[in-house]
>>> print(open('my_file-v2.txt').read())   # compact mmCIF, C-alpha atoms and all ligand atoms
# COMPACT_ATOMS: atom_id res chain seq x y z
CA MET A 374 46.23 78.93 -28.41
CA THR A 375 43.98 78.02 -25.50
CA PRO A 376 43.91 80.46 -22.57
CA ALA A 377 45.87 77.88 -20.53
CA ALA A 378 48.50 77.57 -23.30
CA ARG A 379 48.91 81.35 -23.25
CA VAL A 380 49.63 81.22 -19.52
CA GLN A 381 52.18 78.45 -20.11
CA ALA A 382 53.82 80.51 -22.87
CA ALA A 383 54.03 83.49 -20.50
CA ILE A 384 55.67 81.25 -17.88
CA GLU A 385 58.27 80.02 -20.39
CA LEU A 386 59.00 83.55 -21.52
CA LEU A 387 59.30 84.79 -17.96
CA ASP A 388 61.83 82.02 -17.28
CA GLN A 389 63.94 83.42 -20.13
CA ILE A 390 63.44 87.04 -19.01
CA ILE A 391 64.46 86.21 -15.44
CA GLU A 392 67.55 84.42 -16.73
CA GLY A 393 68.25 87.45 -18.96
CA ALA A 394 67.89 89.84 -16.01
CA ASN A 395 70.15 87.76 -13.77
CA SER A 396 72.86 87.36 -16.41
CA LYS A 397 72.41 90.86 -17.94
CA GLY A 398 71.51 89.09 -21.16
CA ALA A 399 68.85 89.93 -23.76
CA PRO A 400 66.01 92.22 -22.63
CA ALA A 401 62.35 91.15 -22.45
CA ASP A 402 61.20 92.69 -25.74
CA ARG A 403 63.91 90.91 -27.70
CA LEU A 404 63.20 87.59 -25.99
CA ILE A 405 59.47 87.93 -26.69
CA SER A 406 60.06 88.57 -30.43
CA ALA A 407 62.49 85.65 -30.65
CA TYR A 408 60.03 83.36 -28.84
CA PHE A 409 57.25 84.02 -31.31
CA LYS A 410 59.50 83.80 -34.36
CA THR A 411 59.76 80.08 -33.74
CA ARG A 412 56.06 79.67 -32.88
CA ARG A 413 54.23 80.61 -36.02
CA TYR A 414 51.02 78.95 -34.77
CA ALA A 415 50.56 81.87 -32.35
CA GLY A 416 48.28 84.49 -33.92
CA SER A 417 48.41 88.20 -33.21
CA LYS A 418 45.76 87.93 -30.46
CA ASP A 419 47.75 85.15 -28.79
CA ARG A 420 50.93 87.20 -28.96
CA ARG A 421 49.25 90.24 -27.48
CA ALA A 422 47.64 88.20 -24.70
CA VAL A 423 50.91 86.45 -23.79
CA ARG A 424 52.83 89.70 -23.87
CA ASP A 425 50.24 91.34 -21.60
CA LEU A 426 50.54 88.47 -19.11
CA VAL A 427 54.33 88.69 -19.15
CA TYR A 428 54.32 92.43 -18.52
CA GLN A 429 51.65 92.11 -15.83
CA ALA A 430 54.00 89.73 -14.02
CA ILE A 431 57.02 91.99 -14.50
CA ARG A 432 55.14 95.01 -13.15
CA LEU A 433 53.84 93.09 -10.17
CA CYS A 434 57.00 91.40 -8.93
CA GLY A 435 59.42 93.72 -7.14
CA GLU A 436 62.21 91.23 -6.54
CA VAL A 437 63.43 89.18 -9.48
CA PRO A 438 61.20 86.10 -9.13
CA HIS A 439 62.66 82.66 -8.65
CA ASP A 440 61.05 81.47 -11.89
CA GLY A 441 58.34 82.22 -14.42
CA ARG A 442 55.79 80.00 -12.73
CA SER A 443 56.02 81.78 -9.37
CA ALA A 444 55.74 85.11 -11.23
CA MET A 445 52.54 83.98 -12.96
CA LEU A 446 51.21 82.66 -9.67
CA ALA A 447 51.70 86.17 -8.30
CA VAL A 448 49.54 87.47 -11.17
CA ALA A 449 46.93 84.82 -10.33
CA THR A 450 46.74 86.14 -6.74
CA GLN A 451 45.49 89.43 -8.26
CA ASP A 452 43.35 87.96 -11.05
CA GLU A 453 41.28 84.98 -9.96
CA ASN A 454 40.28 84.19 -13.58
CA LEU A 455 43.80 82.88 -14.06
CA VAL A 456 43.63 80.28 -11.28
CA PRO A 457 41.54 77.67 -13.18
CA LEU A 458 43.91 77.96 -16.15
CA PHE A 459 46.56 76.16 -14.10
CA ASP A 460 44.72 72.99 -15.17
CA GLY A 461 47.40 70.47 -16.12
CA SER A 462 46.01 70.37 -19.69
CA ASP A 463 48.28 69.36 -22.60
CA HIS A 464 49.76 72.78 -23.34
CA GLY A 465 48.75 74.48 -20.10
CA PRO A 466 50.58 74.88 -16.78
CA ALA A 467 50.50 72.15 -14.13
CA LYS A 468 47.90 72.37 -11.37
CA ILE A 469 48.80 74.62 -8.45
CA GLY A 470 50.37 72.47 -5.73
CA ASP A 471 49.44 72.68 -2.04
CA GLY A 472 51.53 75.40 -0.43
CA GLU A 473 53.08 76.44 -3.77
CA MET A 474 54.48 79.94 -3.34
CA ALA A 475 53.82 82.94 -5.55
CA ALA A 476 56.64 85.43 -6.15
CA PHE A 477 56.96 88.49 -3.91
CA ILE A 478 54.78 91.41 -4.96
CA GLY A 479 56.35 94.84 -4.62
CA VAL A 480 57.69 97.92 -6.30
CA ALA A 481 61.36 96.99 -6.54
CA PRO A 482 64.03 94.76 -5.01
CA GLU A 483 64.46 95.52 -1.29
CA TRP A 484 67.73 97.47 -1.62
CA LEU A 485 66.20 99.61 -4.36
CA GLU A 486 62.96 100.20 -2.48
CA LYS A 487 65.10 101.52 0.36
CA LYS A 488 66.83 103.90 -2.08
CA LEU A 489 63.41 105.06 -3.30
CA THR A 490 62.22 105.65 0.27
CA ASP A 491 65.41 107.57 1.05
CA SER A 492 64.65 109.66 -2.04
CA GLY A 493 61.14 110.45 -0.76
CA ILE A 494 59.40 108.08 -3.17
CA THR A 495 56.89 105.99 -1.21
CA GLY A 496 53.22 104.94 -1.37
CA ASP A 497 51.33 106.30 -4.39
CA GLU A 498 54.51 107.93 -5.70
CA ALA A 499 56.27 104.56 -5.75
CA GLU A 500 53.34 102.65 -7.22
CA ALA A 501 52.87 105.21 -9.99
CA LEU A 502 56.40 104.39 -11.20
CA LEU A 503 54.90 101.15 -12.52
CA GLY A 504 51.67 102.54 -13.96
CA ARG A 505 50.91 102.70 -17.67
CA ALA A 506 52.55 105.55 -19.54
CA SER A 507 50.60 107.41 -22.17
CA LEU A 508 52.20 108.26 -25.48
CA ASP A 509 53.30 111.86 -25.91
CA ILE A 510 54.31 113.46 -29.16
CA ARG A 511 56.00 116.73 -30.00
CA VAL A 512 54.77 118.57 -33.05
CA ASN A 513 57.87 119.49 -35.04
CA THR A 514 57.58 123.23 -35.53
CA LEU A 515 60.16 123.09 -38.33
CA LYS A 516 57.42 121.47 -40.42
CA ALA A 517 54.05 121.95 -38.73
CA SER A 518 52.16 123.67 -35.94
CA ARG A 519 50.06 122.11 -33.20
CA GLU A 520 47.13 124.38 -34.10
CA ASP A 521 46.98 123.44 -37.78
CA LEU A 522 48.22 119.87 -37.83
CA GLU A 523 45.61 117.23 -38.68
CA LEU A 524 46.27 113.79 -37.26
CA PRO A 525 44.34 110.49 -37.59
CA GLU A 526 43.34 110.77 -33.92
CA GLU A 527 42.74 113.75 -31.72
CA GLY A 528 45.32 114.10 -28.95
CA GLU A 529 45.01 115.75 -25.57
CA VAL A 530 46.65 119.16 -25.61
CA LEU A 531 49.35 119.29 -22.92
CA ALA A 532 51.03 122.26 -21.24
CA ALA A 533 54.31 122.12 -23.17
CA PRO A 534 53.87 124.32 -26.26
CA ASN A 535 53.99 121.54 -28.87
CA ALA A 536 52.92 118.48 -26.88
CA LEU A 537 49.97 116.17 -27.52
CA ARG A 538 49.05 113.03 -25.57
CA PHE A 539 47.56 109.79 -26.90
CA PRO A 540 46.57 106.55 -25.20
CA ASN A 541 49.28 103.97 -24.65
CA GLY A 542 49.60 101.71 -27.70
CA THR A 543 48.52 104.33 -30.28
CA GLN A 544 50.30 103.31 -33.49
CA VAL A 545 51.80 106.74 -34.12
CA GLU A 546 54.71 105.25 -36.08
CA GLN A 547 52.22 104.15 -38.76
CA TRP A 548 50.95 107.67 -39.36
CA PRO A 549 52.14 109.55 -42.46
CA GLN A 550 52.75 112.61 -40.25
CA TYR A 551 55.32 110.58 -38.30
CA ARG A 552 56.98 109.20 -41.42
CA ASP A 553 57.19 112.72 -42.86
CA GLY A 554 58.79 114.17 -39.72
CA LEU A 555 55.88 116.39 -38.66
CA ILE A 556 55.76 114.73 -35.26
CA GLU A 557 58.24 113.04 -32.93
CA ILE A 558 57.53 110.70 -30.03
CA GLN A 559 58.79 112.48 -26.91
CA ASP A 560 57.69 112.42 -23.29
CA HIS A 561 56.14 115.61 -21.97
CA ALA A 562 58.94 115.94 -19.37
CA SER A 563 61.65 115.75 -22.04
CA GLN A 564 59.87 118.45 -24.02
CA TRP A 565 59.76 120.70 -20.96
CA VAL A 566 63.46 120.15 -20.27
CA CYS A 567 64.27 121.54 -23.72
CA GLU A 568 61.91 124.46 -23.13
CA ALA A 569 63.48 125.20 -19.73
CA MET A 570 66.97 125.47 -21.23
CA ASP A 571 65.94 128.87 -22.56
CA VAL A 572 68.25 128.59 -25.57
CA GLN A 573 68.75 131.62 -27.80
CA ALA A 574 69.33 132.02 -31.53
CA GLY A 575 72.99 132.15 -32.52
CA GLU A 576 74.23 130.12 -29.56
CA THR A 577 76.58 127.16 -29.64
CA ILE A 578 74.74 124.33 -27.90
CA ILE A 579 76.32 120.98 -27.16
CA ASP A 580 74.15 117.95 -26.49
CA LEU A 581 76.85 115.84 -24.86
CA CYS A 582 74.86 112.62 -24.43
CA ALA A 583 72.69 112.99 -27.51
CA GLY A 584 71.88 109.33 -28.17
CA ALA A 585 69.71 109.28 -31.27
CA GLY A 586 69.05 112.98 -30.78
CA GLY A 587 65.60 113.18 -29.17
CA LYS A 588 66.47 116.40 -27.38
CA THR A 589 68.85 117.71 -30.07
CA LEU A 590 65.96 117.69 -32.53
CA ALA A 591 63.69 119.45 -30.03
CA LEU A 592 66.32 122.17 -29.55
CA ALA A 593 66.77 122.59 -33.32
CA ALA A 594 63.01 122.98 -33.71
CA LYS A 595 62.71 125.43 -30.82
CA LEU A 596 65.29 127.70 -32.42
CA GLY A 597 64.15 127.21 -36.01
CA ASN A 598 67.63 125.90 -36.85
CA ALA A 599 69.13 129.25 -35.82
CA ALA A 600 71.82 127.86 -33.48
CA SER A 601 74.97 125.83 -33.90
CA LEU A 602 74.10 122.40 -32.56
CA VAL A 603 76.72 119.80 -31.68
CA ALA A 604 75.50 116.27 -30.91
CA CYS A 605 77.90 113.86 -29.18
CA ASP A 606 77.69 110.35 -27.83
CA THR A 607 79.90 107.33 -27.24
CA ASP A 608 77.38 104.97 -28.84
CA LYS A 609 77.98 104.74 -32.58
CA ARG A 610 74.72 102.95 -33.35
CA ARG A 611 72.52 105.46 -31.48
CA LEU A 612 74.36 108.49 -32.82
CA GLY A 613 74.16 106.98 -36.32
CA ASN A 614 70.36 107.24 -36.14
CA LEU A 615 70.54 110.99 -35.70
CA ALA A 616 71.37 111.96 -39.31
CA PRO A 617 68.34 110.21 -40.87
CA ARG A 618 66.09 111.49 -38.09
CA ALA A 619 67.37 115.05 -38.53
CA GLU A 620 66.82 114.83 -42.27
CA ARG A 621 63.26 113.62 -41.79
CA ALA A 622 62.62 116.43 -39.28
CA GLY A 623 64.29 119.14 -41.37
CA ALA A 624 66.66 119.82 -38.45
CA GLN A 625 70.14 121.19 -38.89
CA ILE A 626 72.81 119.59 -36.71
CA ASP A 627 76.17 121.26 -37.35
CA HIS A 628 78.43 118.57 -35.90
CA THR A 629 77.87 114.97 -34.91
CA VAL A 630 80.78 113.82 -32.77
CA LEU A 631 81.42 110.21 -31.85
CA LEU A 632 83.30 110.08 -28.54
CA ASN A 633 85.74 107.47 -27.38
CA PRO A 634 84.84 106.48 -23.79
CA GLY A 635 87.53 107.80 -21.43
CA GLU A 636 89.08 109.90 -24.21
CA GLU A 637 86.13 112.14 -24.96
CA ARG A 638 88.23 115.30 -24.48
CA ASP A 639 90.24 114.60 -27.67
CA ALA A 640 87.22 114.87 -29.94
CA LEU A 641 85.75 117.75 -27.93
CA ALA A 642 88.91 119.90 -28.01
CA PRO A 643 87.49 122.49 -30.50
CA TRP A 644 84.68 123.35 -28.09
CA ILE A 645 86.52 123.61 -24.78
CA GLY A 646 85.38 126.83 -23.08
CA LYS A 647 83.30 127.76 -26.16
CA ALA A 648 79.76 126.49 -25.59
CA ASP A 649 76.96 128.81 -24.53
CA ARG A 650 74.96 125.83 -23.30
CA VAL A 651 75.70 122.22 -22.65
CA LEU A 652 72.98 119.65 -22.15
CA ILE A 653 73.90 116.49 -20.27
CA ASP A 654 71.12 113.96 -20.58
CA ALA A 655 73.20 111.50 -18.61
CA PRO A 656 73.20 107.71 -18.74
CA CYS A 657 71.21 106.55 -15.71
CA SER A 658 69.27 103.72 -14.11
CA GLY A 659 66.07 104.82 -15.85
CA SER A 660 64.12 104.50 -12.59
CA GLY A 661 61.79 107.21 -13.93
CA THR A 662 60.92 105.11 -16.98
CA TRP A 663 59.82 101.86 -15.35
CA ARG A 664 56.29 102.55 -16.66
CA ARG A 665 57.73 101.78 -20.10
CA SER A 666 60.47 99.33 -19.08
CA PRO A 667 59.42 97.76 -15.77
CA GLU A 668 62.08 95.12 -16.24
CA GLY A 669 64.69 97.83 -15.61
CA ARG A 670 64.39 97.35 -11.85
CA TRP A 671 65.19 93.65 -12.20
CA ARG A 672 68.35 94.45 -14.12
CA LEU A 673 69.72 97.11 -11.78
CA ASP A 674 72.02 96.24 -8.89
CA ARG A 675 74.12 98.28 -6.47
CA LYS A 676 77.26 97.84 -8.54
CA GLU A 677 75.56 99.11 -11.67
CA LEU A 678 74.10 102.10 -9.83
CA THR A 679 77.58 102.99 -8.54
CA ARG A 680 79.00 102.65 -12.06
CA LEU A 681 76.29 104.98 -13.37
CA THR A 682 76.77 107.66 -10.71
CA LYS A 683 80.53 107.68 -11.44
CA LEU A 684 79.76 108.03 -15.15
CA GLN A 685 77.39 110.90 -14.34
CA ASP A 686 80.18 112.69 -12.44
CA HIS A 687 82.49 112.04 -15.37
CA VAL A 688 80.17 113.52 -18.00
CA LEU A 689 79.40 116.46 -15.72
CA ASP A 690 83.13 117.23 -15.39
CA LEU A 691 83.51 116.88 -19.14
CA GLY A 692 80.54 119.13 -19.87
CA ALA A 693 81.79 121.78 -17.45
CA GLU A 694 85.00 122.13 -19.46
CA LEU A 695 83.02 122.98 -22.58
CA VAL A 696 81.05 125.88 -21.11
CA ARG A 697 82.27 129.45 -21.67
CA PRO A 698 82.25 131.88 -18.74
CA GLY A 699 78.64 133.06 -18.35
CA GLY A 700 77.31 129.90 -20.00
CA THR A 701 75.08 127.17 -18.57
CA LEU A 702 75.07 123.45 -18.16
CA THR A 703 71.80 121.56 -17.83
CA PHE A 704 71.96 118.16 -16.17
CA VAL A 705 69.16 115.67 -16.64
CA THR A 706 68.52 112.07 -15.64
CA CYS A 707 65.36 110.04 -16.12
CA SER A 708 65.68 108.84 -12.55
CA VAL A 709 63.90 109.64 -9.30
CA LEU A 710 66.79 108.42 -7.14
CA ASP A 711 68.61 111.14 -5.21
CA ASP A 712 71.91 109.40 -6.04
CA GLU A 713 71.31 110.29 -9.68
CA GLY A 714 70.01 113.79 -9.08
CA PRO A 715 70.59 116.11 -6.11
CA ALA A 716 73.62 114.12 -4.92
CA ARG A 717 75.36 114.49 -8.28
CA ILE A 718 74.80 118.24 -8.33
CA GLY A 719 75.95 118.58 -4.71
CA SER A 720 79.09 116.65 -5.54
CA PHE A 721 79.67 118.71 -8.73
CA LEU A 722 79.37 122.02 -6.87
CA SER A 723 81.85 120.82 -4.25
CA ARG A 724 84.36 119.90 -7.01
CA HIS A 725 83.98 122.99 -9.23
CA GLU A 726 84.56 126.59 -8.25
CA GLY A 727 82.74 129.40 -10.00
CA TRP A 728 79.58 127.37 -10.60
CA SER A 729 76.17 127.86 -9.01
CA ALA A 730 72.76 126.28 -9.45
CA THR A 731 70.15 128.58 -10.98
CA ALA A 732 66.36 128.35 -10.91
CA LEU A 733 64.63 126.63 -13.79
CA ASP A 734 61.62 128.06 -15.54
CA LEU A 735 59.72 124.78 -15.44
CA PRO A 736 56.00 124.77 -14.60
CA LEU A 737 56.10 121.08 -13.66
CA GLY A 738 57.89 119.21 -10.90
CA ARG A 739 58.98 120.01 -7.37
CA LYS A 740 62.23 121.31 -6.00
CA ARG A 741 64.62 118.55 -5.00
CA GLY A 742 68.08 119.61 -3.82
CA GLU A 743 69.49 122.16 -6.26
CA GLY A 744 67.18 121.02 -9.06
CA LYS A 745 63.66 119.90 -9.80
CA ARG A 746 62.15 116.46 -9.87
CA LEU A 747 59.20 115.37 -11.99
CA THR A 748 57.35 112.15 -11.19
CA PRO A 749 54.63 110.07 -12.87
CA PHE A 750 52.34 110.54 -9.86
CA HIS A 751 52.75 114.29 -9.44
CA ASP A 752 53.34 115.38 -13.04
CA GLY A 753 51.96 112.56 -15.23
CA THR A 754 55.34 112.35 -16.96
CA ASP A 755 58.29 110.00 -16.79
CA GLY A 756 60.35 110.51 -13.64
CA PHE A 757 63.04 113.10 -14.25
CA PHE A 758 65.60 115.16 -12.39
CA VAL A 759 66.83 118.37 -13.96
CA ALA A 760 69.21 121.03 -12.70
CA ASN A 761 70.64 124.13 -14.30
CA LEU A 762 74.19 125.24 -13.50
CA HIS A 763 75.74 128.57 -14.32
CA LEU A 764 79.43 129.40 -14.75
CA ARG A 765 80.43 132.81 -13.47
C1 LIG A 801 69.69 109.06 -21.53
S1 LIG A 801 70.59 108.62 -22.92
C2 LIG A 801 70.43 110.01 -23.97
C3 LIG A 801 69.08 110.16 -24.63
C4 LIG A 801 68.99 111.30 -25.62
N1 LIG A 801 69.53 112.54 -25.12
C5 LIG A 801 67.55 111.54 -26.07
O1 LIG A 801 66.94 112.57 -25.72
O2 LIG A 801 67.01 110.68 -26.79
C6 LIG A 801 72.26 108.74 -22.37
C7 LIG A 801 73.29 108.63 -23.45
O3 LIG A 801 74.58 108.85 -22.86
C8 LIG A 801 75.52 108.18 -23.67
N2 LIG A 801 76.83 108.11 -22.98
C9 LIG A 801 77.31 107.18 -22.14
N3 LIG A 801 78.55 107.49 -21.74
C10 LIG A 801 78.87 108.65 -22.35
C11 LIG A 801 80.04 109.48 -22.36
N4 LIG A 801 81.12 109.14 -21.64
N5 LIG A 801 80.03 110.59 -23.09
C12 LIG A 801 78.94 110.93 -23.81
N6 LIG A 801 77.81 110.18 -23.86
C13 LIG A 801 77.78 109.06 -23.14
C14 LIG A 801 74.84 106.85 -23.93
O4 LIG A 801 75.39 106.20 -25.04
C15 LIG A 801 73.38 107.28 -24.14
O5 LIG A 801 73.08 107.43 -25.50
>>> encode(input="my_file-v2.txt", output="structure tokens")
Amino acid sequence: MTPAARVQAAIELLDQIIEGANSKGAPADRLISAYFKTRRYAGSKDRRAVRDLVYQAIRLCGEVPHDGRSAMLAVATQDENLVPLFDGSDHGPAKIGDGEMAAFIGVAPEWLEKKLTDSGITGDEAEALLGRASLDIRVNTLKASREDLELPEEGEVLAAPNALRFPNGTQVEQWPQYRDGLIEIQDHASQWVCEAMDVQAGETIIDLCAGAGGKTLALAAKLGNAASLVACDTDKRRLGNLAPRAERAGAQIDHTVLLNPGEERDALAPWIGKADRVLIDAPCSGSGTWRRSPEGRWRLDRKELTRLTKLQDHVLDLGAELVRPGGTLTFVTCSVLDDEGPARIGSFLSRHEGWSATALDLPLGRKRGEGKRLTPFHDGTDGFFVANLHLR
């Protein structure tokens, strides 16, 4: 493909991604794969170049752009090498018209930027939400140790006990150590959250929103399989990935419980008032993970944020029922919005007697409300909120 044809391909893809964001249809990654499936003439360098252009545009445009062309014009305002590629050639984009407008450059749609500002995220803090994330791994101590493990590349040793950092794009999934379960991909902040839970051998620990078990596996490894772990989720497909992952990691998960949304209590009945610890890694806007999924801010609207905060209250209420007196509940979101952090804990404490927030032993992050917040700018991690609640 010529450089101009790559720009045109990025424009066409952005048109589809914008349509997908507006209609809550297929996400960018899926659209990009589908696009190239029908364009076999595009080689791997072309694909990479087009993908980079697309993601440059997504990162740059705060509001959902009107169309792909205005989004690419925004990129061209930052990279003058792109301007001559709007050359009207056969497969390239049409020449830039007089007064043709580029899309708005910014961090997020206006309503969401206001939410960020209200949450104390401005300037460098806001811009860092759209930086490039590195790739963090956790050495699985059920099978290896960070000191002795030999990997194809040398990683940066991070503060969390088993964490190593590699440059973005490192093909960790191709490494035999990944295939054999010696390492897991996991953000440094997620690793610290599991450390901060201070779990003890012999405890009953419920991971209420386990997904495919990223944190469940970290907890199993931390305790050397010496606890009773219960992994729950409403998403059958995600939860279904846990068993093969656990097997690969040598992790023991005692119960995997598929929940019916709205009727979760039925399946959780055996554990009501029994758990020593409950982890709620709640569904959220993912505003702390825009470095990896910058398109997330195009797909979020006020209605969706309200739906998520209600769901967070719901899973918090559910989790609280599972905790035994003297037990703890840890609430986490990968969001930097106060609505999905301090406000949820404030609301929980006003609804539930006998509960109090307790300090977290977490060397990263800063206090925010009754919990702690980690940000890409301050902590070099995904954005996270975490709070620890104790039942008298
Ligand atoms: C942030 S993700 C969890 C990620 C996972 N803990 C990890 O470390 O990889 C939130 C999860 O909450 C689940 N979820 C949504 N509603 C739920 C509910 N009512 N009860 C339990 N889980 C729910 C979603 O399916 C999703 O997998």
>>> closest_residue(input="my_file-v2.txt", among="A:Leu631, A:Leu581, A:Val696, A:Ala517", to="ligand LIG 801 (chain A)", atoms="only C-alpha atoms and all ligand atoms")
A:Leu581
>>> residues_near_ligand(input="my_file-v2.txt", ligand="ligand LIG 801 (chain A)", cutoff="9 Å", atoms="all atoms listed in the file", output="number ranges by chain")
A: 559, 563, 580-591, 605-612, 631-637, 652-657, 659, 684-685, 687-688, 691, 705-707
>>> residues_around(input="my_file-v2.txt", residues="A:Ala533", least_positions_apart="3", cutoff="8 Å", atoms="all atoms listed in the file", output="PyMOL selection string")
chain A and resi 536+561+564-565+568
>>> write_last_selection(input="my_file-v2.txt", atoms="C-alpha atoms", output="mmCIF file, in the coordinates of the input")
data_model
loop_
_atom_site.group_PDB
_atom_site.id
_atom_site.type_symbol
_atom_site.label_atom_id
_atom_site.label_comp_id
_atom_site.auth_asym_id
_atom_site.auth_seq_id
_atom_site.Cartn_x
_atom_site.Cartn_y
_atom_site.Cartn_z
ATOM 1 C CA ALA A 536 52.920 118.480 -26.880
ATOM 2 C CA HIS A 561 56.140 115.610 -21.970
ATOM 3 C CA GLN A 564 59.870 118.450 -24.020
ATOM 4 C CA TRP A 565 59.760 120.700 -20.960
ATOM 5 C CA GLU A 568 61.910 124.460 -23.130
#
>>> closest_atom_pairs(input="my_file-v2.txt", of="stretch 444-522 of chain A", to="stretch 542-547 of chain A", cutoff="12 Å", atoms="all atoms listed in the file", output="CSV")
residue,atom,partner,partner_atom,distance
A:Arg505,CA,A:Gly542,CA,10.2
A:Ala506,CA,A:Gly542,CA,9.5
A:Ser507,CA,A:Gly542,CA,8.0
A:Leu508,CA,A:Thr543,CA,7.2
A:Asp509,CA,A:Val545,CA,9.8
A:Ile510,CA,A:Val545,CA,8.7
A:Arg511,CA,A:Val545,CA,11.6
>>> atom_distance(input="my_file-v2.txt", atom1="atom CA of A:Lys487", atom2="atom CA of A:Leu710")
10.3 Å
>>> residues_around(input="my_file-v2.txt", residues="A:Gly700", least_positions_apart="5", cutoff="6 Å", atoms="all atoms listed in the file", output="ChimeraX atom specification")
/A:649-650,764
>>> residues_around(input="my_file-v2.txt", residues="stretch 725-742 of chain A", least_positions_apart="2", cutoff="7 Å", atoms="only C-alpha atoms", output="VMD selection string")
chain A and resid 565 569 715 721 to 723 744 to 747 752 761 to 765
>>> closest_residue(input="my_file-v2.txt", among="A:Leu387, A:Ala422, A:Arg412, A:Val480", to="A:Pro400", atoms="all atoms listed in the file")
A:Leu387
>>> atom_distance(input="my_file-v2.txt", atom1="atom CA of A:Ala449", atom2="atom CA of A:Gly669")
22.6 Å
>>> closest_residue(input="my_file-v2.txt", among="A:Gln573, A:Thr375, A:Ser708, A:Asn454", to="A:Lys488", atoms="all atoms listed in the file")
A:Ser708
>>> build_atoms(input="my_file-v2.txt", residues="stretch 519-536 of chain A", atoms="N, CA and C atoms", output="PDB file, keeping the file's coordinate frame")
ATOM      1  N   ARG A 519      51.042 122.908 -33.941  1.00  0.00           N
ATOM      2  CA  ARG A 519      50.060 122.110 -33.200  1.00  0.00           C
ATOM      3  C   ARG A 519      48.640 122.555 -33.562  1.00  0.00           C
ATOM      4  N   GLU A 520      48.468 123.843 -33.810  1.00  0.00           N
ATOM      5  CA  GLU A 520      47.130 124.380 -34.100  1.00  0.00           C
ATOM      6  C   GLU A 520      46.587 123.850 -35.421  1.00  0.00           C
ATOM      7  N   ASP A 521      47.469 123.758 -36.442  1.00  0.00           N
ATOM      8  CA  ASP A 521      46.980 123.440 -37.780  1.00  0.00           C
ATOM      9  C   ASP A 521      47.133 121.976 -38.165  1.00  0.00           C
ATOM     10  N   LEU A 522      47.910 121.232 -37.415  1.00  0.00           N
ATOM     11  CA  LEU A 522      48.220 119.870 -37.830  1.00  0.00           C
ATOM     12  C   LEU A 522      46.998 118.956 -37.673  1.00  0.00           C
ATOM     13  N   GLU A 523      46.704 118.208 -38.759  1.00  0.00           N
ATOM     14  CA  GLU A 523      45.610 117.230 -38.680  1.00  0.00           C
ATOM     15  C   GLU A 523      46.204 115.854 -38.536  1.00  0.00           C
ATOM     16  N   LEU A 524      45.756 115.126 -37.530  1.00  0.00           N
ATOM     17  CA  LEU A 524      46.270 113.790 -37.260  1.00  0.00           C
ATOM     18  C   LEU A 524      45.124 112.785 -37.309  1.00  0.00           C
ATOM     19  N   PRO A 525      45.416 111.494 -37.514  1.00  0.00           N
ATOM     20  CA  PRO A 525      44.340 110.490 -37.590  1.00  0.00           C
ATOM     21  C   PRO A 525      43.504 110.401 -36.313  1.00  0.00           C
ATOM     22  N   GLU A 526      44.100 110.768 -35.177  1.00  0.00           N
ATOM     23  CA  GLU A 526      43.340 110.770 -33.920  1.00  0.00           C
ATOM     24  C   GLU A 526      43.571 112.104 -33.227  1.00  0.00           C
ATOM     25  N   GLU A 527      42.585 112.476 -32.413  1.00  0.00           N
ATOM     26  CA  GLU A 527      42.740 113.750 -31.720  1.00  0.00           C
ATOM     27  C   GLU A 527      43.480 113.529 -30.394  1.00  0.00           C
ATOM     28  N   GLY A 528      44.546 114.263 -30.179  1.00  0.00           N
ATOM     29  CA  GLY A 528      45.320 114.100 -28.950  1.00  0.00           C
ATOM     30  C   GLY A 528      44.897 115.110 -27.899  1.00  0.00           C
ATOM     31  N   GLU A 529      45.254 114.809 -26.668  1.00  0.00           N
ATOM     32  CA  GLU A 529      45.010 115.750 -25.570  1.00  0.00           C
ATOM     33  C   GLU A 529      46.094 116.823 -25.622  1.00  0.00           C
ATOM     34  N   VAL A 530      45.680 118.067 -25.557  1.00  0.00           N
ATOM     35  CA  VAL A 530      46.650 119.160 -25.610  1.00  0.00           C
ATOM     36  C   VAL A 530      47.301 119.301 -24.234  1.00  0.00           C
ATOM     37  N   LEU A 531      48.630 119.196 -24.195  1.00  0.00           N
ATOM     38  CA  LEU A 531      49.350 119.290 -22.920  1.00  0.00           C
ATOM     39  C   LEU A 531      49.940 120.692 -22.746  1.00  0.00           C
ATOM     40  N   ALA A 532      50.537 120.903 -21.565  1.00  0.00           N
ATOM     41  CA  ALA A 532      51.030 122.260 -21.240  1.00  0.00           C
ATOM     42  C   ALA A 532      52.253 122.673 -22.058  1.00  0.00           C
ATOM     43  N   ALA A 533      53.147 121.741 -22.366  1.00  0.00           N
ATOM     44  CA  ALA A 533      54.310 122.120 -23.170  1.00  0.00           C
ATOM     45  C   ALA A 533      53.820 122.599 -24.540  1.00  0.00           C
ATOM     46  N   PRO A 534      54.457 123.614 -25.111  1.00  0.00           N
ATOM     47  CA  PRO A 534      53.870 124.320 -26.260  1.00  0.00           C
ATOM     48  C   PRO A 534      53.512 123.444 -27.463  1.00  0.00           C
ATOM     49  N   ASN A 535      54.251 122.337 -27.663  1.00  0.00           N
ATOM     50  CA  ASN A 535      53.990 121.540 -28.870  1.00  0.00           C
ATOM     51  C   ASN A 535      53.605 120.097 -28.563  1.00  0.00           C
ATOM     52  N   ALA A 536      53.162 119.861 -27.321  1.00  0.00           N
ATOM     53  CA  ALA A 536      52.920 118.480 -26.880  1.00  0.00           C
ATOM     54  C   ALA A 536      51.466 118.059 -27.046  1.00  0.00           C
TER      55      ALA A 536
END
